[in-house]
file protein_4.cif (mmCIF, C-alpha atoms)
data_run
loop_
_atom_site.group_PDB
_atom_site.id
_atom_site.type_symbol
_atom_site.label_atom_id
_atom_site.label_comp_id
_atom_site.auth_asym_id
_atom_site.auth_seq_id
_atom_site.Cartn_x
_atom_site.Cartn_y
_atom_site.Cartn_z
ATOM 1 C CA MET Q 1 0.000 0.000 0.000
ATOM 2 C CA ARG Q 2 2.928 2.333 0.691
ATOM 3 C CA ASP Q 3 4.025 2.072 -2.938
ATOM 4 C CA ALA Q 4 0.505 2.850 -4.187
ATOM 5 C CA ILE Q 5 0.436 6.040 -2.102
ATOM 6 C CA LEU Q 6 3.890 7.152 -3.200
ATOM 7 C CA ASP Q 7 3.101 6.437 -6.845
ATOM 8 C CA PHE Q 8 -0.148 8.390 -6.666
ATOM 9 C CA VAL Q 9 1.387 11.433 -4.958
ATOM 10 C CA GLU Q 10 4.300 11.536 -7.402
ATOM 11 C CA ALA Q 11 1.937 11.255 -10.379
ATOM 12 C CA VAL Q 12 -0.255 14.196 -9.339
ATOM 13 C CA SER Q 13 2.519 16.459 -8.035
ATOM 14 C CA LYS Q 14 5.158 16.105 -10.774
ATOM 15 C CA PRO Q 15 4.895 17.540 -14.318
ATOM 16 C CA GLY Q 16 3.234 15.030 -16.582
ATOM 17 C CA PRO Q 17 -0.144 13.810 -17.853
ATOM 18 C CA ASN Q 18 -1.548 13.282 -14.334
ATOM 19 C CA PHE Q 19 -0.345 16.576 -12.828
ATOM 20 C CA VAL Q 20 -2.858 18.313 -10.527
ATOM 21 C CA PRO Q 21 -2.374 21.973 -9.506
ATOM 22 C CA GLU Q 22 -1.795 22.465 -5.790
ATOM 23 C CA ALA Q 23 -5.109 24.269 -5.323
ATOM 24 C CA GLU Q 24 -6.895 21.097 -6.452
ATOM 25 C CA ARG Q 25 -4.888 18.640 -4.356
ATOM 26 C CA ILE Q 26 -7.576 18.040 -1.762
ATOM 27 C CA ALA Q 27 -7.266 15.104 0.652
ATOM 28 C CA VAL Q 28 -10.138 14.234 2.995
ATOM 29 C CA PHE Q 29 -9.945 11.982 6.039
ATOM 30 C CA ASP Q 30 -12.637 10.620 8.288
ATOM 31 C CA ASN Q 31 -11.673 10.973 11.965
ATOM 32 C CA ASP Q 32 -13.144 8.297 14.258
ATOM 33 C CA GLY Q 33 -11.574 4.952 13.422
ATOM 34 C CA THR Q 34 -9.526 6.473 10.592
ATOM 35 C CA LEU Q 35 -7.249 8.890 12.432
ATOM 36 C CA TRP Q 36 -7.681 7.683 16.021
ATOM 37 C CA CYS Q 37 -9.157 4.853 18.063
ATOM 38 C CA GLU Q 38 -12.974 4.741 18.207
ATOM 39 C CA GLN Q 39 -13.419 1.712 20.462
ATOM 40 C CA PRO Q 40 -15.414 0.827 22.552
ATOM 41 C CA VAL Q 41 -17.359 3.954 21.513
ATOM 42 C CA GLN Q 42 -16.302 7.164 19.793
ATOM 43 C CA VAL Q 43 -14.230 9.504 21.960
ATOM 44 C CA GLN Q 44 -16.836 12.251 21.910
ATOM 45 C CA VAL Q 45 -19.379 9.798 23.314
ATOM 46 C CA GLN Q 46 -17.028 9.112 26.221
ATOM 47 C CA PHE Q 47 -16.615 12.855 26.709
ATOM 48 C CA SER Q 48 -20.399 13.202 26.810
ATOM 49 C CA GLN Q 49 -20.652 10.410 29.378
ATOM 50 C CA ASP Q 50 -18.609 12.545 31.762
ATOM 51 C CA GLN Q 51 -20.819 15.555 31.015
ATOM 52 C CA VAL Q 52 -23.955 13.501 31.768
ATOM 53 C CA GLU Q 53 -22.432 12.535 35.117
ATOM 54 C CA ARG Q 54 -22.015 16.205 35.888
ATOM 55 C CA MET Q 55 -25.642 16.843 34.943
ATOM 56 C CA ALA Q 56 -26.823 13.913 37.081
ATOM 57 C CA LYS Q 57 -25.254 15.431 40.173
ATOM 58 C CA ALA Q 58 -27.512 18.434 39.726
ATOM 59 C CA ASN Q 59 -30.500 16.336 38.608
ATOM 60 C CA PRO Q 60 -30.342 12.780 40.090
ATOM 61 C CA ALA Q 61 -33.549 11.799 38.257
ATOM 62 C CA LEU Q 62 -31.455 11.468 35.083
ATOM 63 C CA ARG Q 63 -29.964 8.260 36.497
ATOM 64 C CA ASP Q 64 -33.244 6.459 35.853
ATOM 65 C CA ARG Q 65 -34.010 7.976 32.438
ATOM 66 C CA GLN Q 66 -32.849 6.580 29.130
ATOM 67 C CA PRO Q 67 -30.689 7.288 27.251
ATOM 68 C CA TYR Q 68 -28.908 9.101 30.095
ATOM 69 C CA LYS Q 69 -28.994 5.944 32.230
ATOM 70 C CA ALA Q 70 -27.042 4.042 29.583
ATOM 71 C CA PHE Q 71 -24.438 6.813 29.364
ATOM 72 C CA LEU Q 72 -24.041 6.940 33.139
ATOM 73 C CA GLU Q 73 -23.703 3.178 33.486
ATOM 74 C CA ARG Q 74 -21.356 2.870 30.475
ATOM 75 C CA ASP Q 75 -23.903 0.393 29.090
ATOM 76 C CA VAL Q 76 -22.240 -0.144 25.706
ATOM 77 C CA PRO Q 77 -24.889 -2.535 24.230
ATOM 78 C CA THR Q 78 -27.688 -0.052 24.982
ATOM 79 C CA ILE Q 79 -25.617 2.830 23.647
ATOM 80 C CA HIS Q 80 -24.938 0.856 20.463
ATOM 81 C CA ALA Q 81 -28.674 0.178 20.106
ATOM 82 C CA LEU Q 82 -29.315 3.922 19.837
ATOM 83 C CA GLY Q 83 -27.451 3.999 16.518
ATOM 84 C CA LYS Q 84 -24.760 6.468 15.582
ATOM 85 C CA LYS Q 85 -27.066 9.405 14.944
ATOM 86 C CA GLY Q 86 -29.040 8.798 18.141
ATOM 87 C CA VAL Q 87 -25.877 8.612 20.219
ATOM 88 C CA PHE Q 88 -24.491 11.840 18.819
ATOM 89 C CA GLU Q 89 -27.802 13.618 19.279
ATOM 90 C CA VAL Q 90 -27.474 12.898 23.005
ATOM 91 C CA ALA Q 91 -23.816 13.927 22.945
ATOM 92 C CA PHE Q 92 -24.715 17.239 21.347
ATOM 93 C CA ALA Q 93 -27.767 17.900 23.547
ATOM 94 C CA VAL Q 94 -25.851 17.753 26.834
ATOM 95 C CA HIS Q 95 -23.753 20.726 25.741
ATOM 96 C CA SER Q 96 -26.626 23.019 24.819
ATOM 97 C CA GLY Q 97 -26.489 26.445 26.398
ATOM 98 C CA MET Q 98 -22.692 26.646 26.253
ATOM 99 C CA THR Q 99 -20.853 29.113 24.094
ATOM 100 C CA VAL Q 100 -18.784 27.601 21.300
ATOM 101 C CA ASP Q 101 -15.640 28.991 22.959
ATOM 102 C CA ASP Q 102 -16.510 27.491 26.357
ATOM 103 C CA PHE Q 103 -17.241 24.148 24.738
ATOM 104 C CA GLY Q 104 -13.853 24.155 23.026
ATOM 105 C CA HIS Q 105 -12.082 24.887 26.318
ATOM 106 C CA SER Q 106 -14.094 22.165 28.089
ATOM 107 C CA ALA Q 107 -13.242 19.586 25.421
ATOM 108 C CA ALA Q 108 -9.535 20.503 25.459
ATOM 109 C CA ASP Q 109 -9.397 20.281 29.266
ATOM 110 C CA TRP Q 110 -11.079 16.872 29.223
ATOM 111 C CA LEU Q 111 -8.776 15.535 26.511
ATOM 112 C CA ALA Q 112 -5.749 16.659 28.531
ATOM 113 C CA ARG Q 113 -6.695 14.419 31.471
ATOM 114 C CA ALA Q 114 -9.057 11.659 30.282
ATOM 115 C CA LYS Q 115 -7.676 8.145 29.755
ATOM 116 C CA HIS Q 116 -8.792 5.381 27.427
ATOM 117 C CA PRO Q 117 -10.470 2.585 29.450
ATOM 118 C CA LYS Q 118 -8.425 -0.185 27.797
ATOM 119 C CA PHE Q 119 -5.111 1.370 26.812
ATOM 120 C CA GLY Q 120 -4.707 3.703 29.808
ATOM 121 C CA ARG Q 121 -3.351 6.515 27.627
ATOM 122 C CA ASN Q 122 -4.737 9.927 26.785
ATOM 123 C CA PHE Q 123 -7.111 9.730 23.837
ATOM 124 C CA THR Q 124 -4.937 12.122 21.846
ATOM 125 C CA GLU Q 125 -2.060 9.653 22.244
ATOM 126 C CA LEU Q 126 -4.188 7.042 20.479
ATOM 127 C CA VAL Q 127 -4.002 8.702 17.094
ATOM 128 C CA TYR Q 128 -2.572 6.504 14.367
ATOM 129 C CA GLN Q 129 1.119 7.047 13.667
ATOM 130 C CA PRO Q 130 0.931 6.030 9.974
ATOM 131 C CA GLN Q 131 -1.845 8.567 9.416
ATOM 132 C CA LEU Q 132 0.122 11.364 11.061
ATOM 133 C CA GLU Q 133 3.000 10.597 8.723
ATOM 134 C CA LEU Q 134 0.703 10.296 5.722
ATOM 135 C CA MET Q 135 -0.849 13.708 6.349
ATOM 136 C CA ASP Q 136 2.613 15.233 6.783
ATOM 137 C CA TYR Q 137 3.710 13.621 3.530
ATOM 138 C CA LEU Q 138 0.674 14.861 1.626
ATOM 139 C CA ARG Q 139 1.086 18.416 2.892
ATOM 140 C CA ALA Q 140 4.788 18.343 1.984
ATOM 141 C CA ASN Q 141 3.644 17.607 -1.564
ATOM 142 C CA GLY Q 142 1.170 20.457 -1.854
ATOM 143 C CA PHE Q 143 -2.017 18.825 -0.563
ATOM 144 C CA GLN Q 144 -4.610 20.384 1.683
ATOM 145 C CA THR Q 145 -5.649 17.881 4.378
ATOM 146 C CA TRP Q 146 -9.251 18.107 5.510
ATOM 147 C CA ILE Q 147 -11.143 16.163 8.173
ATOM 148 C CA VAL Q 148 -14.691 15.165 7.239
ATOM 149 C CA SER Q 149 -16.221 13.383 10.213
ATOM 150 C CA GLY Q 150 -19.510 12.301 11.732
ATOM 151 C CA GLY Q 151 -18.152 13.559 15.036
ATOM 152 C CA GLY Q 152 -18.808 17.056 16.241
ATOM 153 C CA ALA Q 153 -16.860 19.711 14.353
ATOM 154 C CA ASP Q 154 -16.248 21.796 17.481
ATOM 155 C CA PHE Q 155 -14.975 18.773 19.424
ATOM 156 C CA ILE Q 156 -12.479 17.855 16.701
ATOM 157 C CA ARG Q 157 -11.340 21.472 16.384
ATOM 158 C CA ALA Q 158 -10.318 21.379 20.046
ATOM 159 C CA PHE Q 159 -7.332 19.144 19.215
ATOM 160 C CA ALA Q 160 -6.985 18.698 15.428
ATOM 161 C CA GLU Q 161 -4.463 21.459 14.776
ATOM 162 C CA ASP Q 162 -2.188 20.418 17.614
ATOM 163 C CA ARG Q 163 -2.419 16.668 16.966
ATOM 164 C CA TYR Q 164 -2.971 16.374 13.217
ATOM 165 C CA GLY Q 165 -1.716 19.691 11.896
ATOM 166 C CA VAL Q 166 -5.218 20.377 10.513
ATOM 167 C CA PRO Q 167 -6.508 23.900 11.274
ATOM 168 C CA PRO Q 168 -10.080 24.472 12.500
ATOM 169 C CA SER Q 169 -11.004 25.943 9.112
ATOM 170 C CA GLN Q 170 -10.333 22.547 7.505
ATOM 171 C CA VAL Q 171 -12.536 20.513 9.831
ATOM 172 C CA ILE Q 172 -15.996 19.474 8.653
ATOM 173 C CA GLY Q 173 -18.180 17.595 11.129
ATOM 174 C CA SER Q 174 -21.625 17.263 12.597
ATOM 175 C CA THR Q 175 -23.062 20.479 13.978
ATOM 176 C CA VAL Q 176 -25.861 21.736 16.172
ATOM 177 C CA ARG Q 177 -27.824 24.879 15.610
ATOM 178 C CA THR Q 178 -26.297 27.939 17.206
ATOM 179 C CA GLN Q 179 -27.595 31.340 18.172
ATOM 180 C CA VAL Q 180 -25.850 34.657 18.533
ATOM 181 C CA GLN Q 181 -26.653 36.283 21.871
ATOM 182 C CA GLU Q 182 -25.557 39.505 23.477
ATOM 183 C CA ASN Q 183 -23.422 38.882 26.541
ATOM 184 C CA GLY Q 184 -22.825 42.164 28.278
ATOM 185 C CA ARG Q 185 -21.073 44.339 25.720
ATOM 186 C CA SER Q 186 -20.009 41.433 23.515
ATOM 187 C CA LEU Q 187 -21.661 38.918 21.225
ATOM 188 C CA ASP Q 188 -21.240 35.192 21.710
ATOM 189 C CA LEU Q 189 -22.279 32.091 19.783
ATOM 190 C CA PHE Q 190 -24.311 29.660 21.883
ATOM 191 C CA LYS Q 191 -25.020 26.003 21.184
ATOM 192 C CA LEU Q 192 -28.637 24.886 21.003
ATOM 193 C CA ALA Q 193 -30.038 21.404 21.604
ATOM 194 C CA GLN Q 194 -31.107 20.995 17.963
ATOM 195 C CA LEU Q 195 -29.092 18.977 15.468
ATOM 196 C CA ASP Q 196 -28.197 20.994 12.383
ATOM 197 C CA SER Q 197 -26.157 18.635 10.173
ATOM 198 C CA PHE Q 198 -25.279 14.999 10.896
ATOM 199 C CA ASP Q 199 -22.157 14.601 8.783
ATOM 200 C CA ASP Q 200 -22.416 10.955 7.765
ATOM 201 C CA ARG Q 201 -22.865 8.984 4.537
ATOM 202 C CA GLU Q 202 -24.185 11.148 1.651
ATOM 203 C CA VAL Q 203 -24.232 14.234 3.897
ATOM 204 C CA LYS Q 204 -20.431 14.088 3.918
ATOM 205 C CA VAL Q 205 -20.446 14.625 0.167
ATOM 206 C CA GLU Q 206 -22.932 17.476 0.467
ATOM 207 C CA ASN Q 207 -20.795 19.167 3.112
ATOM 208 C CA ILE Q 208 -17.627 18.724 1.036
ATOM 209 C CA GLY Q 209 -19.389 20.594 -1.752
ATOM 210 C CA LEU Q 210 -20.593 23.259 0.666
ATOM 211 C CA HIS Q 211 -17.367 23.846 2.598
ATOM 212 C CA ILE Q 212 -14.555 22.892 0.201
ATOM 213 C CA GLY Q 213 -16.110 23.555 -3.178
ATOM 214 C CA ARG Q 214 -13.813 21.073 -4.915
ATOM 215 C CA ARG Q 215 -13.987 17.324 -5.410
ATOM 216 C CA PRO Q 216 -11.169 15.637 -3.434
ATOM 217 C CA ILE Q 217 -8.596 13.562 -5.273
ATOM 218 C CA PHE Q 218 -7.665 11.526 -2.178
ATOM 219 C CA ALA Q 219 -9.915 10.115 0.532
ATOM 220 C CA PHE Q 220 -9.427 7.831 3.524
ATOM 221 C CA GLY Q 221 -12.201 6.282 5.621
ATOM 222 C CA ASN Q 222 -12.978 3.181 7.647
ATOM 223 C CA SER Q 223 -16.719 2.525 7.591
ATOM 224 C CA ASP Q 224 -19.885 2.440 5.530
ATOM 225 C CA GLY Q 225 -20.457 6.006 6.688
ATOM 226 C CA ASP Q 226 -17.454 7.013 4.573
ATOM 227 C CA LEU Q 227 -18.376 5.079 1.443
ATOM 228 C CA ALA Q 228 -20.189 7.942 -0.297
ATOM 229 C CA MET Q 229 -17.181 10.206 0.287
ATOM 230 C CA LEU Q 230 -14.823 7.575 -1.127
ATOM 231 C CA ARG Q 231 -17.000 6.988 -4.190
ATOM 232 C CA TYR Q 232 -17.428 10.736 -4.761
ATOM 233 C CA THR Q 233 -13.651 11.135 -4.726
ATOM 234 C CA LEU Q 234 -13.152 8.356 -7.250
ATOM 235 C CA SER Q 235 -15.922 9.624 -9.553
ATOM 236 C CA GLY Q 236 -13.892 12.585 -10.802
ATOM 237 C CA SER Q 237 -11.512 12.622 -13.755
ATOM 238 C CA GLY Q 238 -7.770 12.015 -13.596
ATOM 239 C CA ARG Q 239 -5.719 10.091 -11.035
ATOM 240 C CA ARG Q 240 -7.484 9.502 -7.731
ATOM 241 C CA LEU Q 241 -7.022 7.320 -4.684
ATOM 242 C CA ALA Q 242 -9.531 6.189 -2.052
ATOM 243 C CA LEU Q 243 -8.441 4.050 0.895
ATOM 244 C CA LEU Q 244 -10.445 2.091 3.453
ATOM 245 C CA LEU Q 245 -8.869 1.137 6.785
ATOM 246 C CA HIS Q 246 -9.799 -2.354 7.970
ATOM 247 C CA HIS Q 247 -9.421 -2.863 11.722
ATOM 248 C CA ASP Q 248 -8.198 -6.445 11.638
ATOM 249 C CA ASP Q 249 -5.557 -6.174 14.378
ATOM 250 C CA ASP Q 250 -6.772 -7.565 17.701
ATOM 251 C CA VAL Q 251 -3.281 -7.504 19.205
ATOM 252 C CA ARG Q 252 -2.240 -3.854 18.875
ATOM 253 C CA GLU Q 253 -5.741 -2.342 18.744
ATOM 254 C CA VAL Q 254 -9.223 -3.920 18.274
ATOM 255 C CA ALA Q 255 -10.422 -6.179 15.454
ATOM 256 C CA TYR Q 256 -13.907 -5.228 14.218
ATOM 257 C CA ASP Q 257 -15.886 -4.387 11.111
ATOM 258 C CA ARG Q 258 -19.532 -5.264 10.454
ATOM 259 C CA ASN Q 259 -20.224 -6.025 14.122
ATOM 260 C CA PHE Q 260 -19.656 -2.420 15.314
ATOM 261 C CA ARG Q 261 -23.211 -1.139 15.388
ATOM 262 C CA LEU Q 262 -22.317 2.524 15.822
ATOM 263 C CA SER Q 263 -20.217 2.606 12.661
ATOM 264 C CA PRO Q 264 -20.176 -0.722 10.800
ATOM 265 C CA LEU Q 265 -17.930 -1.698 7.922
ATOM 266 C CA ALA Q 266 -19.910 -4.074 5.717
ATOM 267 C CA GLU Q 267 -21.054 -2.668 2.368
ATOM 268 C CA ALA Q 268 -17.822 -0.766 1.806
ATOM 269 C CA LEU Q 269 -15.740 -3.852 2.576
ATOM 270 C CA ASP Q 270 -17.869 -6.163 0.440
ATOM 271 C CA HIS Q 271 -17.853 -3.863 -2.603
ATOM 272 C CA ALA Q 272 -14.471 -2.147 -2.296
ATOM 273 C CA ASP Q 273 -13.054 -3.839 -5.392
ATOM 274 C CA ALA Q 274 -16.106 -2.996 -7.498
ATOM 275 C CA TYR Q 275 -15.925 0.661 -6.492
ATOM 276 C CA GLY Q 276 -12.145 0.906 -6.920
ATOM 277 C CA VAL Q 277 -11.514 1.481 -3.210
ATOM 278 C CA ARG Q 278 -8.275 0.002 -1.863
ATOM 279 C CA VAL Q 279 -8.402 -1.724 1.524
ATOM 280 C CA VAL Q 280 -5.621 -1.049 4.027
ATOM 281 C CA SER Q 281 -5.055 -3.831 6.566
ATOM 282 C CA MET Q 282 -4.056 -2.473 9.967
ATOM 283 C CA ALA Q 283 -2.472 -5.838 10.809
ATOM 284 C CA LYS Q 284 -0.562 -6.320 7.548
ATOM 285 C CA ASP Q 285 0.115 -2.831 6.186
ATOM 286 C CA TRP Q 286 1.029 -0.881 9.331
ATOM 287 C CA ASP Q 287 4.334 -1.421 11.115
ATOM 288 C CA ALA Q 288 3.091 0.805 13.935
ATOM 289 C CA VAL Q 289 -0.366 1.742 15.145
ATOM 290 C CA PHE Q 290 0.040 4.349 17.871
ATOM 291 C CA PRO Q 291 2.872 6.889 18.280
ATOM 292 C CA MET Q 292 6.044 6.014 20.183
ATOM 293 C CA GLU Q 293 6.021 2.406 19.039
ATOM 294 C CA ASP Q 294 9.306 0.908 17.864
ATOM 295 C CA ALA Q 295 8.383 0.429 14.238
ATOM 296 C CA GLY Q 296 9.111 1.576 10.725
ATOM 297 C CA HIS Q 297 7.624 4.582 9.009
ATOM 298 C CA LEU Q 298 6.037 5.380 5.702
ATOM 299 C CA GLN Q 299 8.924 6.443 3.493
ATOM 300 C CA ALA Q 300 8.633 9.358 1.149
ATOM 301 C CA ALA Q 301 10.256 9.258 -2.252
ATOM 302 C CA GLY Q 302 14.032 9.324 -2.060
ATOM 303 C CA GLY Q 303 14.147 7.448 1.264
ATOM 304 C CA GLN Q 304 13.106 10.360 3.466
ATOM 305 C CA LYS Q 305 10.703 9.560 6.286
ATOM 306 C CA ALA Q 306 7.318 11.150 5.810
ATOM 307 C CA SER Q 307 7.450 12.302 9.417
ATOM 308 C CA GLU Q 308 10.538 14.355 8.541
ATOM 309 C CA THR Q 309 8.860 16.287 5.724
ATOM 310 C CA ARG Q 310 6.865 18.723 7.892
ATOM 311 C CA LYS Q 311 7.675 22.298 6.990
#

call {"tool": "encode", "arguments": {"input": "protein_4.cif", "output": "structure tokens"}}
result
Amino acid sequence: MRDAILDFVEAVSKPGPNFVPEAERIAVFDNDGTLWCEQPVQVQVQFSQDQVERMAKANPALRDRQPYKAFLERDVPTIHALGKKGVFEVAFAVHSGMTVDDFGHSAADWLARAKHPKFGRNFTELVYQPQLELMDYLRANGFQTWIVSGGGADFIRAFAEDRYGVPPSQVIGSTVRTQVQENGRSLDLFKLAQLDSFDDREVKVENIGLHIGRRPIFAFGNSDGDLAMLRYTLSGSGRRLALLLHHDDDVREVAYDRNFRLSPLAEALDHADAYGVRVVSMAKDWDAVFPMEDAGHLQAAGGQKASETRK
């Protein structure tokens, strides 16, 4: 897979029949399960569980009401039964009434101290090392790297620039309705409890058109929720590459696909060949999974490590 990536990047960035101007070198990445660990539930869901606990201290009756009861008890099967959209609707609702700025600070503070229940490391340490290097390599070759995720845009913006090198302006995610309110002598943007855009499946394509205005030439996802984005990328003219990460490594991470109810990988895996999507095996294609592992790195052309190409 490394050679396929290097060949593609060289083809579109060097003079020749497949050359693509830098302004059109758009790469889009899903976040949960593509750039960092999403098991046993997406990180933002775990963040919301802590927020529900805070709410339950003020209103103990929440402990007996679903879906809050499931969040409080870390009842993963019941949470999964809500479906991805239902889970994120709860996650978004518990933050209503906060300003966007306050939410960002709250998310950043939580990420600085919260630990993954299995790996015992900060969630931001459980980003995927090969993806960090890939994004560095793409940017070193004139690509814009965008995140297009079903997770909340404001949550991802709280850490994406520091961890991925992706600025807030290049993060597309699910959103809630907001309202501008006067706060003393200033104006602030407040979150409401109403879902605005759930950035999953075909909505990802719609939001790429709305926010980027160009069809990507490179896309990377890991679930059926990303399939429309991958197919949209491949549907354009010229050289294109769409990759699908298969979590088949139960030693270094978690092996799962169609059984993950919140974000299954079934249709995309079954029809990847027919659609021209290339499957990346975490177990076979990645020498490392998380940072600080003693493993090899994706090599850029000429033998330079991709991680050394950041400018």

call {"tool": "resolve_selection", "arguments": {"input": "protein_4.cif", "expression": "the PyMOL selection byres ((chain Q and resi 227) around 12)", "output": "PyMOL selection string"}}
result
chain Q and resi 29-30+200-205+219-226+228-234+242-245+263-272+275-278

call {"tool": "resolve_selection", "arguments": {"input": "protein_4.cif", "expression": "the PyMOL selection byres ((chain Q and resi 256) around 12)", "output": "MDAnalysis selection string"}}
result
chainID Q and resid 33 37:40 222:223 245:251 253:255 257:266 269 281:283

call {"tool": "write_last_selection", "arguments": {"input": "protein_4.cif", "atoms": "C-alpha atoms", "output": "PDB file, in the coordinates of the input"}}
result
ATOM      1  CA  GLY Q  33     -11.574   4.952  13.422  1.00  0.00           C
ATOM      2  CA  CYS Q  37      -9.157   4.853  18.063  1.00  0.00           C
ATOM      3  CA  GLU Q  38     -12.974   4.741  18.207  1.00  0.00           C
ATOM      4  CA  GLN Q  39     -13.419   1.712  20.462  1.00  0.00           C
ATOM      5  CA  PRO Q  40     -15.414   0.827  22.552  1.00  0.00           C
ATOM      6  CA  ASN Q 222     -12.978   3.181   7.647  1.00  0.00           C
ATOM      7  CA  SER Q 223     -16.719   2.525   7.591  1.00  0.00           C
ATOM      8  CA  LEU Q 245      -8.869   1.137   6.785  1.00  0.00           C
ATOM      9  CA  HIS Q 246      -9.799  -2.354   7.970  1.00  0.00           C
ATOM     10  CA  HIS Q 247      -9.421  -2.863  11.722  1.00  0.00           C
ATOM     11  CA  ASP Q 248      -8.198  -6.445  11.638  1.00  0.00           C
ATOM     12  CA  ASP Q 249      -5.557  -6.174  14.378  1.00  0.00           C
ATOM     13  CA  ASP Q 250      -6.772  -7.565  17.701  1.00  0.00           C
ATOM     14  CA  VAL Q 251      -3.281  -7.504  19.205  1.00  0.00           C
ATOM     15  CA  GLU Q 253      -5.741  -2.342  18.744  1.00  0.00           C
ATOM     16  CA  VAL Q 254      -9.223  -3.920  18.274  1.00  0.00           C
ATOM     17  CA  ALA Q 255     -10.422  -6.179  15.454  1.00  0.00           C
ATOM     18  CA  ASP Q 257     -15.886  -4.387  11.111  1.00  0.00           C
ATOM     19  CA  ARG Q 258     -19.532  -5.264  10.454  1.00  0.00           C
ATOM     20  CA  ASN Q 259     -20.224  -6.025  14.122  1.00  0.00           C
ATOM     21  CA  PHE Q 260     -19.656  -2.420  15.314  1.00  0.00           C
ATOM     22  CA  ARG Q 261     -23.211  -1.139  15.388  1.00  0.00           C
ATOM     23  CA  LEU Q 262     -22.317   2.524  15.822  1.00  0.00           C
ATOM     24  CA  SER Q 263     -20.217   2.606  12.661  1.00  0.00           C
ATOM     25  CA  PRO Q 264     -20.176  -0.722  10.800  1.00  0.00           C
ATOM     26  CA  LEU Q 265     -17.930  -1.698   7.922  1.00  0.00           C
ATOM     27  CA  ALA Q 266     -19.910  -4.074   5.717  1.00  0.00           C
ATOM     28  CA  LEU Q 269     -15.740  -3.852   2.576  1.00  0.00           C
ATOM     29  CA  SER Q 281      -5.055  -3.831   6.566  1.00  0.00           C
ATOM     30  CA  MET Q 282      -4.056  -2.473   9.967  1.00  0.00           C
ATOM     31  CA  ALA Q 283      -2.472  -5.838  10.809  1.00  0.00           C
TER      32      ALA Q 283
END

call {"tool": "resolve_selection", "arguments": {"input": "protein_4.cif", "expression": "the PyMOL selection byres ((chain Q and resi 66) around 12)", "output": "MDAnalysis selection string"}}
result
chainID Q and resid 52 61:65 67:73 75 78:79 81:82 86:87 90

call {"tool": "atom_distance", "arguments": {"input": "protein_4.cif", "atom1": "CA of Thr145 in chain Q", "atom2": "CA of Pro167 in chain Q"}}
result
9.2 Å

call {"tool": "atom_distance", "arguments": {"input": "protein_4.cif", "atom1": "CA of Arg157 in chain Q", "atom2": "CA of Glu89 in chain Q"}}
result
18.5 Å

call {"tool": "atom_distance", "arguments": {"input": "protein_4.cif", "atom1": "CA of Thr175 in chain Q", "atom2": "CA of Ala193 in chain Q"}}
result
10.4 Å

call {"tool": "closest_residue", "arguments": {"input": "protein_4.cif", "among": "Q:Leu210, Q:Leu138, Q:Ala114, Q:Leu35", "to": "Gln49 in chain Q", "atoms": "all atoms listed in the file"}}
result
Q:Ala114

call {"tool": "residues_around", "arguments": {"input": "protein_4.cif", "residues": "Gln170 in chain Q", "least_positions_apart": "6", "cutoff": "12 Å", "atoms": "only C-alpha atoms", "output": "list in words"}}
result
Ile26, Ala27, Val28, Phe29, Gln144, Thr145, Trp146, Ile147, Val148, Ser149, Ala153, Asp154, Ile156, Arg157, Ala160, Glu161, Tyr164, Asn207, Ile208, His211 and Ile212 of chain Q

call {"tool": "write_last_selection", "arguments": {"input": "protein_4.cif", "atoms": "C-alpha atoms", "output": "PDB file, in the coordinates of the input"}}
result
ATOM      1  CA  ILE Q  26      -7.576  18.040  -1.762  1.00  0.00           C
ATOM      2  CA  ALA Q  27      -7.266  15.104   0.652  1.00  0.00           C
ATOM      3  CA  VAL Q  28     -10.138  14.234   2.995  1.00  0.00           C
ATOM      4  CA  PHE Q  29      -9.945  11.982   6.039  1.00  0.00           C
ATOM      5  CA  GLN Q 144      -4.610  20.384   1.683  1.00  0.00           C
ATOM      6  CA  THR Q 145      -5.649  17.881   4.378  1.00  0.00           C
ATOM      7  CA  TRP Q 146      -9.251  18.107   5.510  1.00  0.00           C
ATOM      8  CA  ILE Q 147     -11.143  16.163   8.173  1.00  0.00           C
ATOM      9  CA  VAL Q 148     -14.691  15.165   7.239  1.00  0.00           C
ATOM     10  CA  SER Q 149     -16.221  13.383  10.213  1.00  0.00           C
ATOM     11  CA  ALA Q 153     -16.860  19.711  14.353  1.00  0.00           C
ATOM     12  CA  ASP Q 154     -16.248  21.796  17.481  1.00  0.00           C
ATOM     13  CA  ILE Q 156     -12.479  17.855  16.701  1.00  0.00           C
ATOM     14  CA  ARG Q 157     -11.340  21.472  16.384  1.00  0.00           C
ATOM     15  CA  ALA Q 160      -6.985  18.698  15.428  1.00  0.00           C
ATOM     16  CA  GLU Q 161      -4.463  21.459  14.776  1.00  0.00           C
ATOM     17  CA  TYR Q 164      -2.971  16.374  13.217  1.00  0.00           C
ATOM     18  CA  ASN Q 207     -20.795  19.167   3.112  1.00  0.00           C
ATOM     19  CA  ILE Q 208     -17.627  18.724   1.036  1.00  0.00           C
ATOM     20  CA  HIS Q 211     -17.367  23.846   2.598  1.00  0.00           C
ATOM     21  CA  ILE Q 212     -14.555  22.892   0.201  1.00  0.00           C
TER      22      ILE Q 212
END
